[in-house]
$ cat work01.cif   # mmCIF, C-alpha atoms
data_query
loop_
_atom_site.group_PDB
_atom_site.id
_atom_site.type_symbol
_atom_site.label_atom_id
_atom_site.label_comp_id
_atom_site.auth_asym_id
_atom_site.auth_seq_id
_atom_site.Cartn_x
_atom_site.Cartn_y
_atom_site.Cartn_z
ATOM 1 C CA MET A 555 0.000 0.000 0.000
ATOM 2 C CA ASN A 556 1.205 3.496 -0.866
ATOM 3 C CA ASP A 557 4.319 2.122 -2.580
ATOM 4 C CA GLU A 558 3.471 3.684 -5.948
ATOM 5 C CA ARG A 559 6.384 5.066 -7.938
ATOM 6 C CA LEU A 560 4.080 7.183 -10.080
ATOM 7 C CA ILE A 561 0.871 8.827 -8.958
ATOM 8 C CA ALA A 562 -1.307 11.090 -11.120
ATOM 9 C CA VAL A 563 -3.365 13.718 -9.312
ATOM 10 C CA GLY A 564 -5.637 16.609 -10.266
ATOM 11 C CA THR A 565 -5.879 20.035 -8.661
ATOM 12 C CA GLY A 566 -9.558 20.457 -9.597
ATOM 13 C CA ILE A 567 -10.856 23.296 -11.723
ATOM 14 C CA ARG A 568 -11.155 25.823 -8.873
ATOM 15 C CA THR A 569 -8.096 25.067 -6.766
ATOM 16 C CA VAL A 570 -9.599 26.714 -3.685
ATOM 17 C CA GLY A 571 -11.970 24.039 -2.390
ATOM 18 C CA GLN A 572 -11.420 21.367 -5.057
ATOM 19 C CA PHE A 573 -7.845 20.279 -4.325
ATOM 20 C CA SER A 574 -8.313 16.962 -2.476
ATOM 21 C CA MET A 575 -6.504 16.194 0.775
ATOM 22 C CA GLU A 576 -5.112 13.024 -0.753
ATOM 23 C CA ALA A 577 -3.657 14.920 -3.723
ATOM 24 C CA LEU A 578 -2.135 17.517 -1.381
ATOM 25 C CA ALA A 579 -0.557 14.739 0.677
ATOM 26 C CA TRP A 580 0.977 13.003 -2.346
ATOM 27 C CA ILE A 581 2.384 16.269 -3.662
ATOM 28 C CA ARG A 582 3.958 16.951 -0.312
ATOM 29 C CA ARG A 583 5.509 13.502 -0.004
ATOM 30 C CA ALA A 584 6.704 12.815 -3.559
ATOM 31 C CA ASP A 585 10.346 13.164 -4.554
ATOM 32 C CA LYS A 586 9.442 14.894 -7.789
ATOM 33 C CA ILE A 587 6.306 16.840 -8.774
ATOM 34 C CA LEU A 588 5.884 17.345 -12.488
ATOM 35 C CA TYR A 589 2.938 19.601 -13.119
ATOM 36 C CA VAL A 590 0.815 21.159 -15.831
ATOM 37 C CA VAL A 591 -1.660 23.593 -14.304
ATOM 38 C CA SER A 592 -3.462 26.610 -15.647
ATOM 39 C CA ASP A 593 -4.016 28.852 -12.672
ATOM 40 C CA PRO A 594 -1.460 30.612 -10.485
ATOM 41 C CA ILE A 595 -2.947 29.337 -7.217
ATOM 42 C CA ALA A 596 -2.487 25.690 -8.170
ATOM 43 C CA GLU A 597 1.079 26.343 -9.263
ATOM 44 C CA GLU A 598 1.923 28.287 -6.132
ATOM 45 C CA ALA A 599 0.288 25.649 -3.907
ATOM 46 C CA ILE A 600 2.385 22.903 -5.523
ATOM 47 C CA LYS A 601 5.589 24.929 -5.121
ATOM 48 C CA THR A 602 4.700 25.715 -1.513
ATOM 49 C CA LEU A 603 3.937 22.105 -0.639
ATOM 50 C CA ASN A 604 7.096 20.752 -2.231
ATOM 51 C CA PRO A 605 9.558 23.536 -3.072
ATOM 52 C CA LYS A 606 12.457 21.189 -3.841
ATOM 53 C CA GLY A 607 10.584 18.726 -6.043
ATOM 54 C CA ALA A 608 8.204 20.945 -8.035
ATOM 55 C CA GLU A 609 8.857 21.441 -11.726
ATOM 56 C CA SER A 610 6.503 22.731 -14.388
ATOM 57 C CA MET A 611 6.249 20.900 -17.701
ATOM 58 C CA ALA A 612 4.561 23.865 -19.386
ATOM 59 C CA HIS A 613 7.802 24.549 -21.292
ATOM 60 C CA PHE A 614 7.052 21.554 -23.486
ATOM 61 C CA TYR A 615 4.195 23.518 -25.094
ATOM 62 C CA GLY A 616 5.052 25.680 -28.072
ATOM 63 C CA GLU A 617 3.039 28.020 -30.262
ATOM 64 C CA ASN A 618 1.574 26.027 -33.174
ATOM 65 C CA LYS A 619 3.414 22.891 -31.968
ATOM 66 C CA PRO A 620 1.323 19.705 -32.305
ATOM 67 C CA ARG A 621 -0.038 18.815 -28.881
ATOM 68 C CA ALA A 622 0.741 15.135 -29.560
ATOM 69 C CA ASP A 623 4.483 15.974 -29.665
ATOM 70 C CA THR A 624 4.218 17.879 -26.393
ATOM 71 C CA TYR A 625 2.414 15.001 -24.707
ATOM 72 C CA ARG A 626 5.023 12.468 -25.849
ATOM 73 C CA GLN A 627 7.783 14.633 -24.374
ATOM 74 C CA MET A 628 5.920 14.942 -21.066
ATOM 75 C CA VAL A 629 5.505 11.174 -20.835
ATOM 76 C CA GLU A 630 9.185 10.527 -21.580
ATOM 77 C CA TYR A 631 10.287 13.167 -19.080
ATOM 78 C CA THR A 632 8.065 11.709 -16.363
ATOM 79 C CA LEU A 633 9.202 8.132 -16.946
ATOM 80 C CA ALA A 634 12.852 9.164 -16.813
ATOM 81 C CA TYR A 635 12.354 10.191 -13.167
ATOM 82 C CA VAL A 636 10.434 7.003 -12.385
ATOM 83 C CA ARG A 637 13.202 4.872 -13.888
ATOM 84 C CA ALA A 638 15.749 6.830 -11.854
ATOM 85 C CA GLY A 639 14.060 5.553 -8.696
ATOM 86 C CA ARG A 640 12.230 8.731 -7.728
ATOM 87 C CA ARG A 641 8.662 8.690 -6.412
ATOM 88 C CA VAL A 642 6.949 10.889 -8.977
ATOM 89 C CA CYS A 643 3.685 12.817 -8.748
ATOM 90 C CA PHE A 644 2.236 13.998 -12.072
ATOM 91 C CA ALA A 645 -0.169 16.842 -11.274
ATOM 92 C CA VAL A 646 -2.554 18.419 -13.762
ATOM 93 C CA TYR A 647 -5.512 20.783 -13.453
ATOM 94 C CA GLY A 648 -8.990 19.304 -13.379
ATOM 95 C CA HIS A 649 -9.189 15.504 -13.263
ATOM 96 C CA PRO A 650 -5.971 13.680 -14.210
ATOM 97 C CA GLY A 651 -7.876 11.175 -16.309
ATOM 98 C CA VAL A 652 -10.333 13.428 -18.147
ATOM 99 C CA LEU A 653 -9.110 14.890 -21.426
ATOM 100 C CA VAL A 654 -5.516 14.264 -20.409
ATOM 101 C CA TYR A 655 -3.475 11.907 -22.570
ATOM 102 C CA PRO A 656 -0.015 12.042 -20.917
ATOM 103 C CA THR A 657 -1.170 10.928 -17.453
ATOM 104 C CA HIS A 658 -2.925 7.839 -18.829
ATOM 105 C CA GLU A 659 0.019 7.037 -21.079
ATOM 106 C CA ALA A 660 2.637 7.575 -18.355
ATOM 107 C CA ILE A 661 0.747 5.246 -16.006
ATOM 108 C CA ARG A 662 0.253 2.625 -18.702
ATOM 109 C CA ARG A 663 3.937 2.632 -19.628
ATOM 110 C CA ALA A 664 5.150 2.727 -16.021
ATOM 111 C CA ARG A 665 3.075 -0.347 -15.259
ATOM 112 C CA ALA A 666 4.331 -2.071 -18.419
ATOM 113 C CA GLU A 667 7.868 -1.495 -17.161
ATOM 114 C CA GLY A 668 7.031 -3.035 -13.777
ATOM 115 C CA PHE A 669 6.492 0.112 -11.701
ATOM 116 C CA LYS A 670 3.442 0.499 -9.494
ATOM 117 C CA ALA A 671 1.383 3.454 -10.703
ATOM 118 C CA ARG A 672 -2.018 4.874 -9.818
ATOM 119 C CA MET A 673 -4.370 7.714 -10.698
ATOM 120 C CA LEU A 674 -6.461 9.569 -8.125
ATOM 121 C CA PRO A 675 -9.892 10.941 -9.065
ATOM 122 C CA ALA A 676 -10.442 14.702 -8.985
ATOM 123 C CA ILE A 677 -13.009 17.320 -9.971
ATOM 124 C CA SER A 678 -13.308 17.913 -13.716
ATOM 125 C CA THR A 679 -15.117 20.535 -15.758
ATOM 126 C CA GLU A 680 -17.890 17.993 -16.247
ATOM 127 C CA ASP A 681 -18.453 17.807 -12.482
ATOM 128 C CA CYS A 682 -18.614 21.603 -12.284
ATOM 129 C CA LEU A 683 -21.022 21.711 -15.228
ATOM 130 C CA PHE A 684 -23.404 19.218 -13.636
ATOM 131 C CA ALA A 685 -23.513 21.395 -10.521
ATOM 132 C CA ASP A 686 -23.707 24.791 -12.245
ATOM 133 C CA LEU A 687 -26.285 23.846 -14.892
ATOM 134 C CA GLY A 688 -28.296 21.536 -12.638
ATOM 135 C CA ILE A 689 -27.928 18.448 -14.819
ATOM 136 C CA ASP A 690 -28.276 14.891 -13.615
ATOM 137 C CA PRO A 691 -26.504 12.532 -16.054
ATOM 138 C CA VAL A 692 -28.688 9.645 -15.001
ATOM 139 C CA ALA A 693 -31.159 10.897 -17.646
ATOM 140 C CA GLY A 694 -28.545 9.912 -20.236
ATOM 141 C CA CYS A 695 -25.379 11.824 -21.004
ATOM 142 C CA GLN A 696 -22.942 11.670 -23.882
ATOM 143 C CA SER A 697 -19.552 13.266 -23.557
ATOM 144 C CA LEU A 698 -17.431 13.690 -26.669
ATOM 145 C CA GLU A 699 -14.425 15.712 -27.722
ATOM 146 C CA ALA A 700 -15.786 18.214 -30.269
ATOM 147 C CA THR A 701 -13.217 17.600 -33.000
ATOM 148 C CA ASP A 702 -13.607 13.827 -32.590
ATOM 149 C CA PHE A 703 -17.366 14.217 -33.059
ATOM 150 C CA LEU A 704 -16.870 16.410 -36.128
ATOM 151 C CA VAL A 705 -14.351 14.292 -38.029
ATOM 152 C CA ASN A 706 -15.556 10.797 -37.107
ATOM 153 C CA SER A 707 -18.798 8.871 -37.605
ATOM 154 C CA ARG A 708 -20.162 9.343 -34.129
ATOM 155 C CA ARG A 709 -23.791 8.830 -33.173
ATOM 156 C CA ILE A 710 -25.501 11.214 -30.812
ATOM 157 C CA ASP A 711 -28.654 10.388 -28.887
ATOM 158 C CA PRO A 712 -30.653 13.653 -28.940
ATOM 159 C CA TYR A 713 -32.774 12.442 -26.009
ATOM 160 C CA SER A 714 -29.649 12.576 -23.814
ATOM 161 C CA HIS A 715 -27.639 15.456 -22.430
ATOM 162 C CA VAL A 716 -24.738 15.994 -24.831
ATOM 163 C CA LEU A 717 -21.412 17.596 -23.944
ATOM 164 C CA LEU A 718 -18.899 18.544 -26.623
ATOM 165 C CA TRP A 719 -15.531 19.293 -25.051
ATOM 166 C CA GLN A 720 -12.831 21.633 -26.300
ATOM 167 C CA ILE A 721 -15.226 23.457 -28.599
ATOM 168 C CA GLY A 722 -12.730 26.340 -28.532
ATOM 169 C CA GLY A 723 -10.098 24.173 -30.215
ATOM 170 C CA LEU A 724 -12.317 22.739 -32.906
ATOM 171 C CA GLY A 725 -10.346 21.148 -35.752
ATOM 172 C CA ASP A 726 -7.036 22.408 -34.361
ATOM 173 C CA SER A 727 -4.491 19.858 -33.066
ATOM 174 C CA THR A 728 -1.813 22.443 -32.289
ATOM 175 C CA PHE A 729 -1.282 24.486 -29.142
ATOM 176 C CA LYS A 730 -2.262 28.168 -29.099
ATOM 177 C CA ARG A 731 -1.334 30.235 -26.087
ATOM 178 C CA HIS A 732 -4.238 32.681 -26.308
ATOM 179 C CA LYS A 733 -6.889 31.774 -28.849
ATOM 180 C CA PHE A 734 -7.611 28.534 -30.644
ATOM 181 C CA ASP A 735 -8.805 28.230 -34.199
ATOM 182 C CA VAL A 736 -12.494 27.338 -34.595
ATOM 183 C CA ARG A 737 -12.433 26.827 -38.341
ATOM 184 C CA GLY A 738 -14.723 23.785 -38.092
ATOM 185 C CA MET A 739 -17.630 25.524 -36.324
ATOM 186 C CA PRO A 740 -19.949 25.909 -39.383
ATOM 187 C CA GLN A 741 -19.456 22.226 -40.265
ATOM 188 C CA LEU A 742 -20.086 21.190 -36.666
ATOM 189 C CA VAL A 743 -23.345 23.117 -36.557
ATOM 190 C CA GLN A 744 -24.428 21.605 -39.898
ATOM 191 C CA LYS A 745 -23.758 18.127 -38.506
ATOM 192 C CA LEU A 746 -25.707 18.854 -35.318
ATOM 193 C CA MET A 747 -28.643 20.252 -37.314
ATOM 194 C CA ARG A 748 -29.185 16.772 -38.777
ATOM 195 C CA LEU A 749 -30.474 15.918 -35.295
ATOM 196 C CA TYR A 750 -31.546 19.202 -33.754
ATOM 197 C CA HIS A 751 -33.798 22.057 -34.820
ATOM 198 C CA PRO A 752 -31.797 25.207 -35.687
ATOM 199 C CA GLY A 753 -33.654 26.974 -32.892
ATOM 200 C CA HIS A 754 -32.736 24.381 -30.241
ATOM 201 C CA THR A 755 -31.133 26.180 -27.308
ATOM 202 C CA VAL A 756 -27.507 25.264 -26.619
ATOM 203 C CA TYR A 757 -25.082 26.501 -23.962
ATOM 204 C CA LEU A 758 -21.440 27.489 -23.920
ATOM 205 C CA TYR A 759 -20.076 26.779 -20.477
ATOM 206 C CA GLU A 760 -16.849 27.688 -18.743
ATOM 207 C CA ALA A 761 -16.279 26.809 -15.105
ATOM 208 C CA SER A 762 -15.027 29.406 -12.658
ATOM 209 C CA ILE A 763 -11.461 28.973 -11.426
ATOM 210 C CA PHE A 764 -11.606 31.357 -8.458
ATOM 211 C CA PRO A 765 -13.912 31.610 -5.418
ATOM 212 C CA GLY A 766 -16.604 34.255 -5.721
ATOM 213 C CA VAL A 767 -16.548 34.191 -9.534
ATOM 214 C CA GLU A 768 -19.620 32.953 -11.366
ATOM 215 C CA PRO A 769 -19.232 30.393 -14.166
ATOM 216 C CA MET A 770 -19.516 31.723 -17.718
ATOM 217 C CA ILE A 771 -22.794 30.448 -19.208
ATOM 218 C CA ARG A 772 -23.984 31.724 -22.592
ATOM 219 C CA SER A 773 -27.030 30.339 -24.342
ATOM 220 C CA GLY A 774 -28.649 30.754 -27.728
ATOM 221 C CA PRO A 775 -30.097 28.908 -30.704
ATOM 222 C CA LEU A 776 -27.893 26.249 -32.269
ATOM 223 C CA ALA A 777 -27.899 27.968 -35.667
ATOM 224 C CA TYR A 778 -26.388 31.090 -34.091
ATOM 225 C CA LEU A 779 -23.364 29.205 -32.687
ATOM 226 C CA PRO A 780 -20.950 30.115 -35.537
ATOM 227 C CA ASN A 781 -21.438 33.769 -34.561
ATOM 228 C CA ILE A 782 -20.162 33.206 -31.022
ATOM 229 C CA LEU A 783 -16.455 32.883 -30.361
ATOM 230 C CA PRO A 784 -15.888 30.288 -27.632
ATOM 231 C CA THR A 785 -12.872 30.520 -25.356
ATOM 232 C CA ALA A 786 -10.250 27.777 -25.275
ATOM 233 C CA SER A 787 -11.885 26.444 -22.084
ATOM 234 C CA SER A 788 -15.475 26.373 -23.356
ATOM 235 C CA THR A 789 -17.648 23.260 -23.385
ATOM 236 C CA LEU A 790 -20.794 23.032 -25.525
ATOM 237 C CA TYR A 791 -23.820 21.649 -23.689
ATOM 238 C CA ILE A 792 -26.832 20.496 -25.717
ATOM 239 C CA PRO A 793 -29.977 19.673 -23.702
ATOM 240 C CA PRO A 794 -32.222 16.757 -24.726
ATOM 241 C CA ILE A 795 -34.835 17.556 -27.366
ATOM 242 C CA SER A 796 -37.484 15.850 -25.203
ATOM 243 C CA ALA A 797 -38.075 12.867 -22.965
ATOM 244 C CA PRO A 798 -37.225 9.643 -24.840
ATOM 245 C CA PRO A 799 -40.121 7.910 -26.612
ATOM 246 C CA PRO A 800 -41.034 4.505 -25.134
ATOM 247 C CA ASP A 801 -39.636 1.394 -26.818
ATOM 248 C CA THR A 802 -42.789 -0.714 -27.030
ATOM 249 C CA ALA A 803 -41.006 -3.430 -29.018
ATOM 250 C CA ALA A 804 -38.696 -4.135 -26.055
ATOM 251 C CA TRP A 805 -41.033 -3.513 -23.123
ATOM 252 C CA HIS A 806 -44.798 -3.876 -22.789
ATOM 253 C CA GLY A 807 -45.016 -3.389 -19.014
ATOM 254 C CA MET B 293 -1.013 37.519 12.516
ATOM 255 C CA THR B 294 1.284 38.454 9.663
ATOM 256 C CA SER B 295 -0.434 40.192 6.751
ATOM 257 C CA LEU B 296 -0.765 38.017 3.664
ATOM 258 C CA ASN B 297 -0.866 39.056 0.048
ATOM 259 C CA LEU B 298 -3.640 37.777 -2.196
ATOM 260 C CA LYS B 299 -1.701 34.889 -3.713
ATOM 261 C CA THR B 300 -0.380 33.593 -0.403
ATOM 262 C CA TYR B 301 -3.828 33.899 1.141
ATOM 263 C CA MET B 302 -5.480 31.951 -1.699
ATOM 264 C CA VAL B 303 -2.846 29.226 -1.459
ATOM 265 C CA ARG B 304 -3.711 28.933 2.228
ATOM 266 C CA LEU B 305 -7.401 28.674 1.285
ATOM 267 C CA ALA B 306 -6.534 25.832 -1.091
ATOM 268 C CA THR B 307 -4.321 23.896 1.302
ATOM 269 C CA ASP B 308 -5.405 24.675 4.864
ATOM 270 C CA ILE B 309 -8.860 23.709 6.125
ATOM 271 C CA ASP B 310 -8.686 26.267 8.950
ATOM 272 C CA TYR B 311 -8.375 29.145 6.501
ATOM 273 C CA LEU B 312 -11.036 27.744 4.180
ATOM 274 C CA SER B 313 -13.561 27.092 6.937
ATOM 275 C CA ASP B 314 -13.128 30.676 8.195
ATOM 276 C CA PHE B 315 -13.615 31.904 4.619
ATOM 277 C CA VAL B 316 -16.804 29.958 3.905
ATOM 278 C CA ALA B 317 -18.286 31.046 7.240
ATOM 279 C CA ASP B 318 -17.612 34.761 6.711
ATOM 280 C CA PRO B 319 -15.389 35.747 3.767
ATOM 281 C CA HIS B 320 -15.017 39.409 4.746
ATOM 282 C CA LYS B 321 -14.182 38.673 8.361
ATOM 283 C CA ALA B 322 -11.735 35.944 7.276
ATOM 284 C CA THR B 323 -9.832 38.181 4.878
ATOM 285 C CA GLU B 324 -9.584 40.926 7.498
ATOM 286 C CA LYS B 325 -8.354 38.387 10.048
ATOM 287 C CA ALA B 326 -5.707 37.253 7.541
ATOM 288 C CA GLY B 327 -4.534 40.843 7.149
ATOM 289 C CA LEU B 328 -5.377 41.103 3.463
ATOM 290 C CA SER B 329 -5.005 44.688 2.257
ATOM 291 C CA PRO B 330 -8.183 46.582 1.264
ATOM 292 C CA GLN B 331 -6.917 46.508 -2.345
ATOM 293 C CA ASP B 332 -6.485 42.720 -2.324
ATOM 294 C CA GLN B 333 -9.870 42.280 -0.639
ATOM 295 C CA ALA B 334 -11.451 44.395 -3.380
ATOM 296 C CA VAL B 335 -9.844 42.200 -6.046
ATOM 297 C CA LEU B 336 -10.884 38.950 -4.347
ATOM 298 C CA PHE B 337 -14.501 40.093 -3.937
ATOM 299 C CA SER B 338 -14.740 41.677 -7.388
ATOM 300 C CA GLY B 339 -16.149 38.525 -9.012
ATOM 301 C CA ASP B 340 -13.927 39.396 -11.982
ATOM 302 C CA GLN B 341 -11.886 36.364 -13.031
ATOM 303 C CA SER B 342 -9.579 38.347 -15.328
ATOM 304 C CA LEU B 343 -8.801 40.909 -12.631
ATOM 305 C CA ILE B 344 -8.036 38.204 -10.058
ATOM 306 C CA TYR B 345 -5.881 36.300 -12.537
ATOM 307 C CA THR B 346 -3.904 39.389 -13.524
ATOM 308 C CA THR B 347 -3.370 40.393 -9.910
ATOM 309 C CA LEU B 348 -2.177 36.905 -8.994
ATOM 310 C CA THR B 349 0.231 36.595 -11.890
ATOM 311 C CA THR B 350 1.890 39.899 -11.012
ATOM 312 C CA ALA B 351 2.031 39.225 -7.251
ATOM 313 C CA PRO B 352 5.296 38.207 -5.570
ATOM 314 C CA THR B 353 5.680 34.530 -4.734
ATOM 315 C CA SER B 354 6.190 32.998 -1.320
ATOM 316 C CA HIS B 355 7.113 29.396 -0.652
ATOM 317 C CA SER B 356 6.990 29.746 3.120
ATOM 318 C CA GLY B 357 3.339 28.757 3.442
ATOM 319 C CA PRO B 358 1.685 26.978 6.356
ATOM 320 C CA HIS B 359 3.303 23.624 5.644
ATOM 321 C CA ALA B 360 6.834 24.948 5.477
ATOM 322 C CA ARG B 361 6.128 27.062 8.538
ATOM 323 C CA ARG B 362 4.815 24.078 10.535
ATOM 324 C CA LYS B 363 7.829 22.002 9.492
ATOM 325 C CA ALA B 364 10.124 24.780 10.675
ATOM 326 C CA GLU B 365 8.218 25.006 13.971
ATOM 327 C CA LYS B 366 8.547 21.236 14.486
ATOM 328 C CA GLN B 367 12.264 21.529 13.910
ATOM 329 C CA GLY B 368 12.407 24.261 16.525
ATOM 330 C CA LYS B 369 13.242 26.979 14.025
#

$ encode --input "work01.cif" --output "structure tokens"
Amino acid sequence: MNDERLIAVGTGIRTVGQFSMEALAWIRRADKILYVVSDPIAEEAIKTLNPKGAESMAHFYGENKPRADTYRQMVEYTLAYVRAGRRVCFAVYGHPGVLVYPTHEAIRRARAEGFKARMLPAISTEDCLFADLGIDPVAGCQSLEATDFLVNSRRIDPYSHVLLWQIGGLGDSTFKRHKFDVRGMPQLVQKLMRLYHPGHTVYLYEASIFPGVEPMIRSGPLAYLPNILPTASSTLYIPPISAPPPDTAAWHG
Amino acid sequence: MTSLNLKTYMVRLATDIDYLSDFVADPHKATEKAGLSPQDQAVLFSGDQSLIYTTLTTAPTSHSGPHARRKAEKQGK
């Protein structure tokens, strides 16, 4: 127990109040903390908890550099410390397993090389969205990366809640420091209008990262979406068109 | 109590349950107790994410937070 050589943790979306005690403890006790966080409180908290071991991996990002290259470098860098016998904590903002490739890959490879590795759950944007928009996913919820939905043959159930992540980076696989390209937005809306009425209300959501700040929630008809510029952190939420029709062929009760 | 700047205070909120429980009970009283300047209090209570972010990224850093302080106290420093 607790003999992991690699542990992946998340700082939550709003560091104040969402940073778990277990994550704090691992950060404090690890030999090396490699982190990728987006807000200055999370970064400062990590440095304060473990001043000798904390190191940002943000330098692996580069303007217009493919994110896949950055992620590969982060994984290699992390594993080098694990192989060197250090107890490594890989800390990211949000949940370490939601929309984060390098944490999953680092754990998979560490285990393949015989090292004990584990991921801790944390609060993701999805958790914040459920709370802020009052959605219960038990009614059916589909969660897809927006570009994945656009370029692949995905099927959406319009009777479910639908979340399209990273709508602000639609069709763009490179890193942008300030504003992502949303060149695919008209095509995305056309694809969604195969299932939804152009007037169906959709929401752009961005969770708050500081206490006392309200989440950003903008709503409007689906057809109007290409006229709105989402931020890099925006998620598109599409409510169900209605309650699902009964399936009388499967159930006659 | 030593006065804290905004960044140090928010790190304490994120990592120390005593600070956070004071804050959720009465945010204004808690920030005054922590010695936050009126300017930093105004920023924290502005509800403006961009303003808070900008203030935090220009604030000086401190790595002598509660954990380092407690460790030093245990070591008799």

$ closest_residue --input "work01.cif" --among "A:Gln696, A:Thr701, A:Thr602, A:Asn781" --to "chain B" --atoms "only C-alpha atoms"
A:Thr602

$ resolve_selection --input "work01.cif" --expression "the PyMOL selection byres ((chain A) within 6 of (chain B))" --output "list of chain:residue names"
A:Thr569, A:Val570, A:Gly571, A:Ile595, A:Ala599, A:Thr602, A:Gly766, A:Val767

$ atom_distance --input "work01.cif" --atom1 "atom CA of A:Pro794" --atom2 "atom CA of A:Gln572"
29.0 Å

$ atom_distance --input "work01.cif" --atom1 "atom CA of A:Ala612" --atom2 "atom CA of A:Gln627"
11.0 Å

$ atom_distance --input "work01.cif" --atom1 "atom CA of A:Thr802" --atom2 "atom CA of A:Tyr713"
16.6 Å

$ closest_residue --input "work01.cif" --among "A:Ile782, A:Val736, A:Ala660, A:Ile561" --to "A:Val629" --atoms "only C-alpha atoms"
A:Ala660

$ resolve_selection --input "work01.cif" --expression "the PyMOL selection byres ((chain B and resi 326) around 12)" --output "list in words"
Met293, Thr294, Ser295, Leu296, Asn297, Leu298, Thr300, Tyr301, Met302, Arg304, Leu305, Asp310, Tyr311, Leu312, Asp314, Phe315, Pro319, His320, Lys321, Ala322, Thr323, Glu324, Lys325, Gly327, Leu328, Ser329, Pro330, Asp332 and Gln333 of chain B

$ axis_aligned_box --input "work01.cif" --around "stretch 783-792 of chain A" --padding-each-side "3 Å" --output "lines of an AutoDock Vina configuration file"
center_x = -18.5
center_y = 26.7
center_z = -26.2
size_x = 22.6
size_y = 18.4
size_z = 14.3

$ resolve_selection --input "work01.cif" --expression "the PyMOL selection byres ((chain A and resi 682-692) around 8)" --output "number ranges by chain"
A: 567, 677-681, 693-695, 715, 759, 761, 769

$ closest_residue --input "work01.cif" --among "A:Gly564, A:Ala584, A:Arg640, A:Glu598" --to "A:Val654" --atoms "all atoms listed in the file"
A:Gly564

$ closest_residue --input "work01.cif" --among "A:Gly722, A:Gly651, A:Trp805, A:Val636" --to "A:Glu667" --atoms "all atoms listed in the file"
A:Val636

$ residues_near_point --input "work01.cif" --point "(2.0, 12.3, -10.6)" --cutoff "9 Å" --atoms "only C-alpha atoms" --output "ChimeraX atom specification"
/A:559-564,580-581,584,586-589,632,641-646,650,657,661,671-673
